[in-house]
Amino acid sequence: MTSTPFISRKGMTRRGMLGAALAAGAAVPLAASDPAWADPGVPAAGGHAAARLVLPVPTGPHPVGTVQLHLVDRSRPDDLAGPGHFRELMATVWYPARDVQRYPVAPWMQAGAFQAFLADVGFGDLASLGPFTVGHVGAPVLRTGRRLPVVVFSHGAHSHQGDHTVVVQELASHGYAVVTVAHQYDTYTEYPDGRIAVPLRDRKAPTLPGDFAADLRFVLDCVEQLAAGRNPDADHRELPAGLLGSLDPRRTGAFGWSKGGTATACAMLADDRIRAGLSLDGPMQMNPPLAGDLDRPFMMMSAVFTRATDPEAAAFWSQLRGWRRNIQAQGAVHVSYGDNEALFPQVAKLYGWSGQQLQDVIGTLDPDRAVKIQQAYPLAFFDEHLRLRRGHLLDGPSPAFPAVTFLP
């Protein structure tokens, strides 16, 4: 299983970051404090059998349901797979649910994809410790008389659609339908027939931000099918009760991490169905460059790819003509707006990393605060621009989040 880096001079790929962490990981005591959600029973390296890794629970009032979709875009032939093949995606819908008790919770990643992912980055001994989500597979949709606003998510290079489950679950628990996408040839995923996909080392593979953006636009087509009462699943698998007709394609947003953040911008420029876009430390490296201005709300949550140091990010900012915000959490690194902030403190304890070694991976931003930032700011953004629920969190610095600065 091999992968090639996304075209970033900083080399920000999931494999590269994890490999560097492993190279640094000596068996010395962990100095950093454990995050509040971590299982205190997880032992250090050499201890007894460990409990599963855990994710923080969302703060919203609703339980969460989830269902996978197998999608085939027959407008895009897949030249790498050969004649008669088309662009093939796995997607997962997350939504507020009801009567969840008899439905199992979904794993963070499907078992086959998770094993491939861990093998590729050198954490194979964690295969049995994969976290569960709060999403109940196939649970009926909570129907309140109004359709659900929709947010689509695009992952980063060599990553997977579950790597921002903290944000996704948070939005779903507050009444959003969130559709995460596994971008073919640049992800770890598992298809219904048992095939395991891993990132492909092939310069001809369609894995540029524009390819990701085309995936997002196709997923929006599928959202419209669901809204109209039609099942877009290529295998016509049964959908949860109440999902058909429950989505509101007129209130659609998008967000992405890293390359997915760049793809979000590309998709938003090309498709006015996306009413609001959010980039989680996207490098904004576009080939060809973004053509035209964006007149709809866009927010950048910066860490490494800042306007002060990256001309691409600065150029993109100058093309935003509508509502815009650029925030940055002090001490954040590229992975700070994702699930790594919750998972790596637990991994560090298992491997006996020092506090410095953990900081080398997730930065100096306190993990508890990092998770709360992930839960609060994307929700506030989409609430304001998809639900027209005006709050004050995005107006400027907040004493509740002292690490978050607003960049002019």
# chains A, B, ... in the order shown; residues from 1 in each chain; ligands from 1
>>> residues_around(residues="segment 295-297 of chain A", least_positions_apart="3", cutoff="6 Å", atoms="only C-alpha atoms", output="list in words")
Ala276, Arg321, Gly322, Trp323 and Arg324 of chain A
>>> residues_around(residues="segment 69-71 of chain A", least_positions_apart="5", cutoff="12 Å", atoms="only C-alpha atoms", output="ChimeraX atom specification")
/A:86-94,137-138,179-184,189-193,215-216,218-223,225-226,231-240
>>> atom_distance(atom1="atom CA of Gly245 of chain A", atom2="atom CA of Ala228 of chain A")
5.7 Å
>>> closest_residue(among="A:Val121, A:Ala116, A:Ala127, A:Val134", to="Gly65 of chain A", atoms="only C-alpha atoms")
A:Val134
>>> closest_residue(among="A:Ser398, A:Ser75, A:Ser279, A:Thr309", to="Phe255 of chain A", atoms="only C-alpha atoms")
A:Ser279
>>> closest_residue(among="A:Val105, A:Val151, A:Val54, A:Leu200", to="Gly135 of chain A", atoms="only C-alpha atoms")
A:Val105
>>> closest_residue(among="A:Ala254, A:Leu247, A:Ala270, A:Leu208", to="Gln285 of chain A", atoms="only C-alpha atoms")
A:Leu208
>>> select_by_dssp(residues="segment 23-262 of chain A", states="alpha helix (DSSP H)", output="JSON, numbers by chain")
{"A": [23, 24, 111, 112, 113, 114, 115, 116, 117, 118, 119, 120, 121, 165, 166, 167, 168, 169, 170, 171, 172, 173, 209, 210, 211, 212, 213, 214, 215, 216, 217, 218, 219, 220, 221, 222, 223, 224, 225, 226, 227, 259, 260, 261, 262]}
>>> residues_around(residues="Pro149 of chain A", least_positions_apart="6", cutoff="6 Å", atoms="only C-alpha atoms", output="ChimeraX atom specification")
/A:176,248,251
>>> write_last_selection(atoms="all heavy atoms", output="mmCIF file, in the first residue's frame")
data_model
loop_
_atom_site.group_PDB
_atom_site.id
_atom_site.type_symbol
_atom_site.label_atom_id
_atom_site.label_comp_id
_atom_site.auth_asym_id
_atom_site.auth_seq_id
_atom_site.Cartn_x
_atom_site.Cartn_y
_atom_site.Cartn_z
ATOM 1 N N TYR A 176 -28.276 18.952 11.814
ATOM 2 C CA TYR A 176 -27.822 18.984 10.424
ATOM 3 C C TYR A 176 -27.729 17.573 9.856
ATOM 4 O O TYR A 176 -27.445 16.613 10.592
ATOM 5 C CB TYR A 176 -26.436 19.623 10.323
ATOM 6 C CG TYR A 176 -26.421 21.113 10.516
ATOM 7 C CD1 TYR A 176 -26.339 21.666 11.800
ATOM 8 C CD2 TYR A 176 -26.490 21.983 9.436
ATOM 9 C CE1 TYR A 176 -26.328 23.033 11.992
ATOM 10 C CE2 TYR A 176 -26.469 23.358 9.619
ATOM 11 C CZ TYR A 176 -26.397 23.878 10.900
ATOM 12 O OH TYR A 176 -26.386 25.236 11.080
ATOM 13 N N ASP A 248 -32.847 19.343 2.963
ATOM 14 C CA ASP A 248 -33.184 20.623 2.340
ATOM 15 C C ASP A 248 -32.020 21.085 1.467
ATOM 16 O O ASP A 248 -31.073 21.702 1.965
ATOM 17 C CB ASP A 248 -33.478 21.667 3.419
ATOM 18 C CG ASP A 248 -33.994 22.972 2.835
ATOM 19 O OD1 ASP A 248 -34.003 23.116 1.594
ATOM 20 O OD2 ASP A 248 -34.382 23.859 3.628
ATOM 21 N N ARG A 251 -30.561 24.713 1.579
ATOM 22 C CA ARG A 251 -29.712 25.188 2.686
ATOM 23 C C ARG A 251 -28.524 24.236 2.786
ATOM 24 O O ARG A 251 -28.484 23.340 3.622
ATOM 25 C CB ARG A 251 -30.500 25.207 3.993
ATOM 26 C CG ARG A 251 -31.618 26.233 4.024
ATOM 27 C CD ARG A 251 -32.234 26.335 5.422
ATOM 28 N NE ARG A 251 -32.922 25.107 5.803
ATOM 29 C CZ ARG A 251 -33.224 24.790 7.064
ATOM 30 N NH1 ARG A 251 -32.856 25.591 8.060
ATOM 31 N NH2 ARG A 251 -33.880 23.674 7.336
#
>>> atom_distance(atom1="atom CA of Trp108 of chain A", atom2="atom CA of Pro378 of chain A")
20.3 Å
>>> residues_around(residues="Leu379 of chain A", least_positions_apart="6", cutoff="9 Å", atoms="only C-alpha atoms", output="number ranges by chain")
A: 167, 170-171, 174
>>> write_last_selection(atoms="all heavy atoms", output="mmCIF file, in the first residue's frame")
data_model
loop_
_atom_site.group_PDB
_atom_site.id
_atom_site.type_symbol
_atom_site.label_atom_id
_atom_site.label_comp_id
_atom_site.auth_asym_id
_atom_site.auth_seq_id
_atom_site.Cartn_x
_atom_site.Cartn_y
_atom_site.Cartn_z
ATOM 1 N N VAL A 167 -16.317 17.017 14.418
ATOM 2 C CA VAL A 167 -17.116 18.101 13.836
ATOM 3 C C VAL A 167 -18.413 17.560 13.251
ATOM 4 O O VAL A 167 -19.489 18.134 13.437
ATOM 5 C CB VAL A 167 -16.308 18.854 12.760
ATOM 6 C CG1 VAL A 167 -17.146 19.981 12.156
ATOM 7 C CG2 VAL A 167 -15.013 19.412 13.336
ATOM 8 N N GLU A 170 -20.948 16.614 15.852
ATOM 9 C CA GLU A 170 -21.451 17.818 16.508
ATOM 10 C C GLU A 170 -22.563 18.465 15.674
ATOM 11 O O GLU A 170 -23.633 18.815 16.196
ATOM 12 C CB GLU A 170 -20.308 18.808 16.728
ATOM 13 C CG GLU A 170 -20.700 20.070 17.474
ATOM 14 C CD GLU A 170 -21.023 19.831 18.941
ATOM 15 O OE1 GLU A 170 -20.723 18.740 19.464
ATOM 16 O OE2 GLU A 170 -21.579 20.743 19.567
ATOM 17 N N LEU A 171 -22.322 18.607 14.388
ATOM 18 C CA LEU A 171 -23.330 19.216 13.515
ATOM 19 C C LEU A 171 -24.598 18.369 13.479
ATOM 20 O O LEU A 171 -25.717 18.888 13.584
ATOM 21 C CB LEU A 171 -22.762 19.395 12.112
ATOM 22 C CG LEU A 171 -21.655 20.447 11.954
ATOM 23 C CD1 LEU A 171 -21.033 20.359 10.561
ATOM 24 C CD2 LEU A 171 -22.195 21.849 12.207
ATOM 25 N N HIS A 174 -26.888 18.659 16.389
ATOM 26 C CA HIS A 174 -27.597 19.940 16.434
ATOM 27 C C HIS A 174 -28.586 20.092 15.275
ATOM 28 O O HIS A 174 -29.074 21.202 15.036
ATOM 29 C CB HIS A 174 -26.599 21.096 16.429
ATOM 30 C CG HIS A 174 -25.933 21.306 17.753
ATOM 31 N ND1 HIS A 174 -26.476 22.079 18.768
ATOM 32 C CD2 HIS A 174 -24.762 20.818 18.241
ATOM 33 C CE1 HIS A 174 -25.663 22.070 19.809
ATOM 34 N NE2 HIS A 174 -24.612 21.328 19.528
#
>>> closest_residue(among="A:Asn287, A:Thr207, A:Ser154, A:Gln161", to="Gly260 of chain A", atoms="only C-alpha atoms")
A:Ser154
>>> select_by_dssp(residues="segment 136-335 of chain A", states="strand (DSSP E or B)", output="number ranges by chain")
A: 136-137, 141, 148-154, 159, 177-182, 187, 189-190, 196-197, 247-257, 274-280, 294, 298-302, 320, 324-329
>>> write_last_selection(atoms="N, CA and C atoms", output="compact mmCIF listing (two decimals), in the first residue's frame")
# COMPACT_ATOMS: atom_id res chain seq x y z
N HIS A 136 -25.67 5.85 15.18
CA HIS A 136 -26.38 4.56 15.20
C HIS A 136 -26.75 4.19 13.77
N VAL A 137 -26.24 3.05 13.30
CA VAL A 137 -26.37 2.66 11.90
C VAL A 137 -27.82 2.33 11.58
N VAL A 141 -34.72 8.69 11.00
CA VAL A 141 -34.44 10.13 11.04
C VAL A 141 -35.45 10.83 11.92
N LEU A 148 -33.95 19.15 6.91
CA LEU A 148 -32.65 19.35 7.55
C LEU A 148 -31.69 20.11 6.63
N PRO A 149 -31.02 21.14 7.15
CA PRO A 149 -29.94 21.75 6.38
C PRO A 149 -28.83 20.72 6.17
N VAL A 150 -28.10 20.88 5.08
CA VAL A 150 -27.12 19.87 4.66
C VAL A 150 -25.73 20.48 4.61
N VAL A 151 -24.74 19.73 5.09
CA VAL A 151 -23.33 20.12 4.97
C VAL A 151 -22.57 18.93 4.41
N VAL A 152 -21.75 19.16 3.38
CA VAL A 152 -20.92 18.10 2.82
C VAL A 152 -19.48 18.32 3.25
N PHE A 153 -18.75 17.21 3.45
CA PHE A 153 -17.38 17.28 3.97
C PHE A 153 -16.41 16.59 3.02
N SER A 154 -15.24 17.24 2.83
CA SER A 154 -14.17 16.73 1.98
C SER A 154 -12.90 16.55 2.82
N SER A 159 -6.20 10.60 3.36
CA SER A 159 -6.92 10.49 4.62
C SER A 159 -8.21 9.69 4.38
N ALA A 177 -27.93 17.47 8.56
CA ALA A 177 -27.53 16.27 7.83
C ALA A 177 -26.15 16.55 7.25
N VAL A 178 -25.18 15.72 7.58
CA VAL A 178 -23.81 15.91 7.11
C VAL A 178 -23.44 14.72 6.24
N VAL A 179 -22.93 15.00 5.05
CA VAL A 179 -22.53 13.94 4.12
C VAL A 179 -21.02 13.99 3.95
N THR A 180 -20.34 12.95 4.41
CA THR A 180 -18.89 12.86 4.26
C THR A 180 -18.57 12.02 3.03
N VAL A 181 -17.50 12.38 2.33
CA VAL A 181 -17.17 11.77 1.06
C VAL A 181 -15.79 11.11 1.14
N ALA A 182 -15.68 9.91 0.62
CA ALA A 182 -14.38 9.24 0.46
C ALA A 182 -13.94 9.42 -0.98
N THR A 187 -7.81 7.90 -0.67
CA THR A 187 -8.46 7.64 0.61
C THR A 187 -8.34 6.18 0.98
N THR A 189 -10.84 3.38 2.20
CA THR A 189 -12.27 3.11 2.33
C THR A 189 -12.55 1.68 1.94
N GLU A 190 -13.76 1.25 2.23
CA GLU A 190 -14.18 -0.12 1.96
C GLU A 190 -15.50 -0.08 1.20
N ILE A 196 -11.05 -3.10 -0.66
CA ILE A 196 -10.41 -2.09 0.19
C ILE A 196 -9.63 -1.15 -0.71
N ALA A 197 -9.90 0.13 -0.60
CA ALA A 197 -9.19 1.13 -1.39
C ALA A 197 -8.19 1.86 -0.50
N LEU A 247 -34.12 16.03 3.57
CA LEU A 247 -33.02 16.98 3.40
C LEU A 247 -33.49 18.23 2.66
N ASP A 248 -32.85 19.34 2.96
CA ASP A 248 -33.18 20.62 2.34
C ASP A 248 -32.02 21.09 1.47
N PRO A 249 -32.05 20.81 0.16
CA PRO A 249 -30.93 21.20 -0.70
C PRO A 249 -30.81 22.71 -0.90
N ARG A 250 -31.79 23.46 -0.44
CA ARG A 250 -31.71 24.93 -0.55
C ARG A 250 -30.88 25.53 0.57
N ARG A 251 -30.56 24.71 1.58
CA ARG A 251 -29.71 25.19 2.69
C ARG A 251 -28.52 24.24 2.79
N THR A 252 -27.56 24.44 1.89
CA THR A 252 -26.42 23.53 1.78
C THR A 252 -25.12 24.29 1.99
N GLY A 253 -24.26 23.72 2.81
CA GLY A 253 -22.91 24.25 3.02
C GLY A 253 -21.88 23.17 2.77
N ALA A 254 -20.62 23.55 2.85
CA ALA A 254 -19.53 22.59 2.63
C ALA A 254 -18.35 22.98 3.49
N PHE A 255 -17.60 21.97 3.91
CA PHE A 255 -16.34 22.24 4.60
C PHE A 255 -15.36 21.12 4.30
N GLY A 256 -14.08 21.42 4.51
CA GLY A 256 -13.06 20.43 4.26
C GLY A 256 -11.79 20.78 5.00
N TRP A 257 -10.98 19.74 5.20
CA TRP A 257 -9.68 19.92 5.86
C TRP A 257 -8.57 19.78 4.83
N ILE A 274 -23.94 25.71 -3.06
CA ILE A 274 -23.22 25.78 -1.78
C ILE A 274 -23.32 27.21 -1.28
N ARG A 275 -24.09 27.40 -0.23
CA ARG A 275 -24.36 28.75 0.26
C ARG A 275 -23.30 29.26 1.21
N ALA A 276 -22.51 28.37 1.81
CA ALA A 276 -21.48 28.80 2.76
C ALA A 276 -20.38 27.75 2.78
N GLY A 277 -19.13 28.21 2.85
CA GLY A 277 -17.99 27.29 2.82
C GLY A 277 -17.01 27.56 3.94
N LEU A 278 -16.41 26.47 4.45
CA LEU A 278 -15.47 26.55 5.57
C LEU A 278 -14.24 25.72 5.23
N SER A 279 -13.07 26.33 5.38
CA SER A 279 -11.81 25.63 5.15
C SER A 279 -11.07 25.47 6.47
N LEU A 280 -10.72 24.21 6.79
CA LEU A 280 -9.92 23.91 7.97
C LEU A 280 -8.47 23.77 7.52
N LEU A 294 -15.64 34.96 -5.00
CA LEU A 294 -16.72 34.31 -4.26
C LEU A 294 -17.51 35.37 -3.52
N PHE A 298 -17.67 32.72 3.53
CA PHE A 298 -16.57 31.77 3.61
C PHE A 298 -15.74 32.08 4.84
N MET A 299 -15.36 31.02 5.56
CA MET A 299 -14.51 31.18 6.74
C MET A 299 -13.30 30.28 6.63
N MET A 300 -12.15 30.81 7.01
CA MET A 300 -10.91 30.06 7.06
C MET A 300 -10.49 29.89 8.51
N MET A 301 -10.29 28.64 8.92
CA MET A 301 -9.70 28.34 10.23
C MET A 301 -8.26 27.93 9.97
N SER A 302 -7.34 28.84 10.18
CA SER A 302 -5.94 28.67 9.79
C SER A 302 -5.12 28.07 10.91
N LEU A 320 -12.49 36.95 -1.86
CA LEU A 320 -13.75 36.79 -1.13
C LEU A 320 -14.47 38.13 -1.08
N ARG A 324 -16.84 37.22 5.31
CA ARG A 324 -15.64 36.41 5.44
C ARG A 324 -15.05 36.56 6.83
N ARG A 325 -14.44 35.47 7.30
CA ARG A 325 -13.71 35.48 8.56
C ARG A 325 -12.47 34.61 8.40
N ASN A 326 -11.43 34.99 9.11
CA ASN A 326 -10.22 34.17 9.18
C ASN A 326 -9.80 34.11 10.64
N ILE A 327 -9.92 32.93 11.24
CA ILE A 327 -9.54 32.77 12.64
C ILE A 327 -8.38 31.80 12.73
N GLN A 328 -7.66 31.89 13.84
CA GLN A 328 -6.52 31.01 14.06
C GLN A 328 -6.41 30.74 15.55
N ALA A 329 -6.24 29.46 15.90
CA ALA A 329 -6.04 29.08 17.29
C ALA A 329 -4.54 29.06 17.59
>>> residues_around(residues="Val371 of chain A", least_positions_apart="4", cutoff="12 Å", atoms="only C-alpha atoms", output="ChimeraX atom specification")
/A:35-37,55-59,164-167,170,329,332,335-343,362,365-367,375-378,401
>>> write_last_selection(atoms="N, CA, C and O atoms", output="compact mmCIF listing (two decimals), in the first residue's frame")
# COMPACT_ATOMS: atom_id res chain seq x y z
N PRO A 35 -6.71 14.32 28.12
CA PRO A 35 -7.94 15.05 27.84
C PRO A 35 -9.09 14.47 28.63
O PRO A 35 -9.08 13.31 29.04
N ALA A 36 -10.12 15.27 28.81
CA ALA A 36 -11.23 14.89 29.68
C ALA A 36 -11.97 13.66 29.19
O ALA A 36 -12.53 12.92 29.98
N TRP A 37 -11.99 13.44 27.87
CA TRP A 37 -12.78 12.33 27.34
C TRP A 37 -12.00 11.02 27.31
O TRP A 37 -12.55 9.97 27.05
N LEU A 55 -13.77 8.86 21.26
CA LEU A 55 -13.99 10.20 20.74
C LEU A 55 -14.90 10.96 21.71
O LEU A 55 -15.76 10.37 22.36
N PRO A 56 -14.73 12.28 21.80
CA PRO A 56 -15.63 13.06 22.66
C PRO A 56 -17.05 13.03 22.11
O PRO A 56 -17.26 12.99 20.90
N VAL A 57 -18.02 13.05 23.00
CA VAL A 57 -19.41 13.03 22.57
C VAL A 57 -19.82 14.43 22.13
O VAL A 57 -19.30 15.43 22.64
N PRO A 58 -20.74 14.53 21.19
CA PRO A 58 -21.21 15.85 20.76
C PRO A 58 -22.07 16.51 21.83
O PRO A 58 -22.55 15.86 22.76
N THR A 59 -22.29 17.80 21.69
CA THR A 59 -23.00 18.58 22.70
C THR A 59 -24.45 18.82 22.36
O THR A 59 -25.19 19.39 23.18
N HIS A 164 -12.74 13.71 10.57
CA HIS A 164 -13.26 14.87 11.28
C HIS A 164 -14.62 14.54 11.89
O HIS A 164 -15.56 15.34 11.87
N THR A 165 -14.70 13.34 12.46
CA THR A 165 -15.95 12.89 13.06
C THR A 165 -16.38 13.77 14.21
O THR A 165 -17.58 13.94 14.46
N VAL A 166 -15.45 14.36 14.95
CA VAL A 166 -15.82 15.27 16.04
C VAL A 166 -16.72 16.38 15.51
O VAL A 166 -17.77 16.68 16.09
N VAL A 167 -16.32 17.02 14.42
CA VAL A 167 -17.12 18.10 13.84
C VAL A 167 -18.41 17.56 13.25
O VAL A 167 -19.49 18.13 13.44
N GLU A 170 -20.95 16.61 15.85
CA GLU A 170 -21.45 17.82 16.51
C GLU A 170 -22.56 18.46 15.67
O GLU A 170 -23.63 18.82 16.20
N ALA A 329 -6.24 29.46 15.90
CA ALA A 329 -6.04 29.08 17.29
C ALA A 329 -4.54 29.06 17.59
O ALA A 329 -3.77 28.39 16.91
N ALA A 332 -1.98 25.93 17.37
CA ALA A 332 -2.53 24.91 16.48
C ALA A 332 -1.52 24.53 15.41
O ALA A 332 -0.70 25.34 14.96
N VAL A 335 -3.09 19.46 12.02
CA VAL A 335 -4.10 18.47 12.40
C VAL A 335 -4.99 18.93 13.54
O VAL A 335 -5.84 18.17 14.01
N SER A 336 -4.83 20.16 13.98
CA SER A 336 -5.49 20.59 15.22
C SER A 336 -7.00 20.76 15.10
O SER A 336 -7.69 20.84 16.12
N TYR A 337 -7.52 20.84 13.89
CA TYR A 337 -8.96 20.99 13.74
C TYR A 337 -9.61 19.66 13.33
O TYR A 337 -10.60 19.64 12.60
N GLY A 338 -9.06 18.55 13.81
CA GLY A 338 -9.59 17.25 13.46
C GLY A 338 -9.52 16.28 14.62
O GLY A 338 -9.13 16.63 15.75
N ASP A 339 -9.85 15.03 14.35
CA ASP A 339 -9.96 14.02 15.40
C ASP A 339 -8.63 13.69 16.07
O ASP A 339 -8.62 13.12 17.16
N ASN A 340 -7.52 14.01 15.42
CA ASN A 340 -6.22 13.71 16.03
C ASN A 340 -6.06 14.35 17.41
O ASN A 340 -5.36 13.82 18.27
N GLU A 341 -6.69 15.51 17.61
CA GLU A 341 -6.58 16.16 18.91
C GLU A 341 -7.22 15.32 20.01
O GLU A 341 -6.81 15.41 21.16
N ALA A 342 -8.19 14.52 19.64
CA ALA A 342 -8.82 13.64 20.62
C ALA A 342 -8.10 12.30 20.72
O ALA A 342 -8.00 11.72 21.81
N LEU A 343 -7.60 11.79 19.61
CA LEU A 343 -7.06 10.44 19.58
C LEU A 343 -5.59 10.35 19.95
O LEU A 343 -5.16 9.40 20.62
N ILE A 362 0.55 17.23 17.66
CA ILE A 362 -0.72 17.96 17.71
C ILE A 362 -0.57 19.42 18.11
O ILE A 362 -1.57 20.13 18.25
N LEU A 365 -1.59 23.64 21.46
CA LEU A 365 -2.97 23.92 21.84
C LEU A 365 -3.50 22.79 22.71
O LEU A 365 -3.38 21.61 22.35
N ASP A 366 -4.06 23.13 23.87
CA ASP A 366 -4.59 22.11 24.77
C ASP A 366 -5.64 21.27 24.06
O ASP A 366 -6.56 21.81 23.42
N PRO A 367 -5.55 19.92 24.12
CA PRO A 367 -6.49 19.08 23.37
C PRO A 367 -7.95 19.32 23.74
O PRO A 367 -8.83 19.31 22.85
N GLN A 375 -15.94 21.99 17.93
CA GLN A 375 -17.38 21.85 18.12
C GLN A 375 -18.12 23.17 17.99
O GLN A 375 -19.25 23.21 17.50
N ALA A 376 -17.48 24.27 18.42
CA ALA A 376 -18.19 25.54 18.51
C ALA A 376 -18.17 26.34 17.22
O ALA A 376 -19.22 26.84 16.77
N TYR A 377 -17.01 26.49 16.58
CA TYR A 377 -16.91 27.46 15.49
C TYR A 377 -17.56 27.00 14.19
O TYR A 377 -18.28 27.79 13.55
N PRO A 378 -17.37 25.76 13.72
CA PRO A 378 -18.12 25.35 12.52
C PRO A 378 -19.63 25.41 12.73
O PRO A 378 -20.37 25.83 11.83
N PHE A 401 -12.98 31.27 24.54
CA PHE A 401 -12.00 30.64 23.66
C PHE A 401 -10.79 31.58 23.53
O PHE A 401 -10.57 32.18 22.48
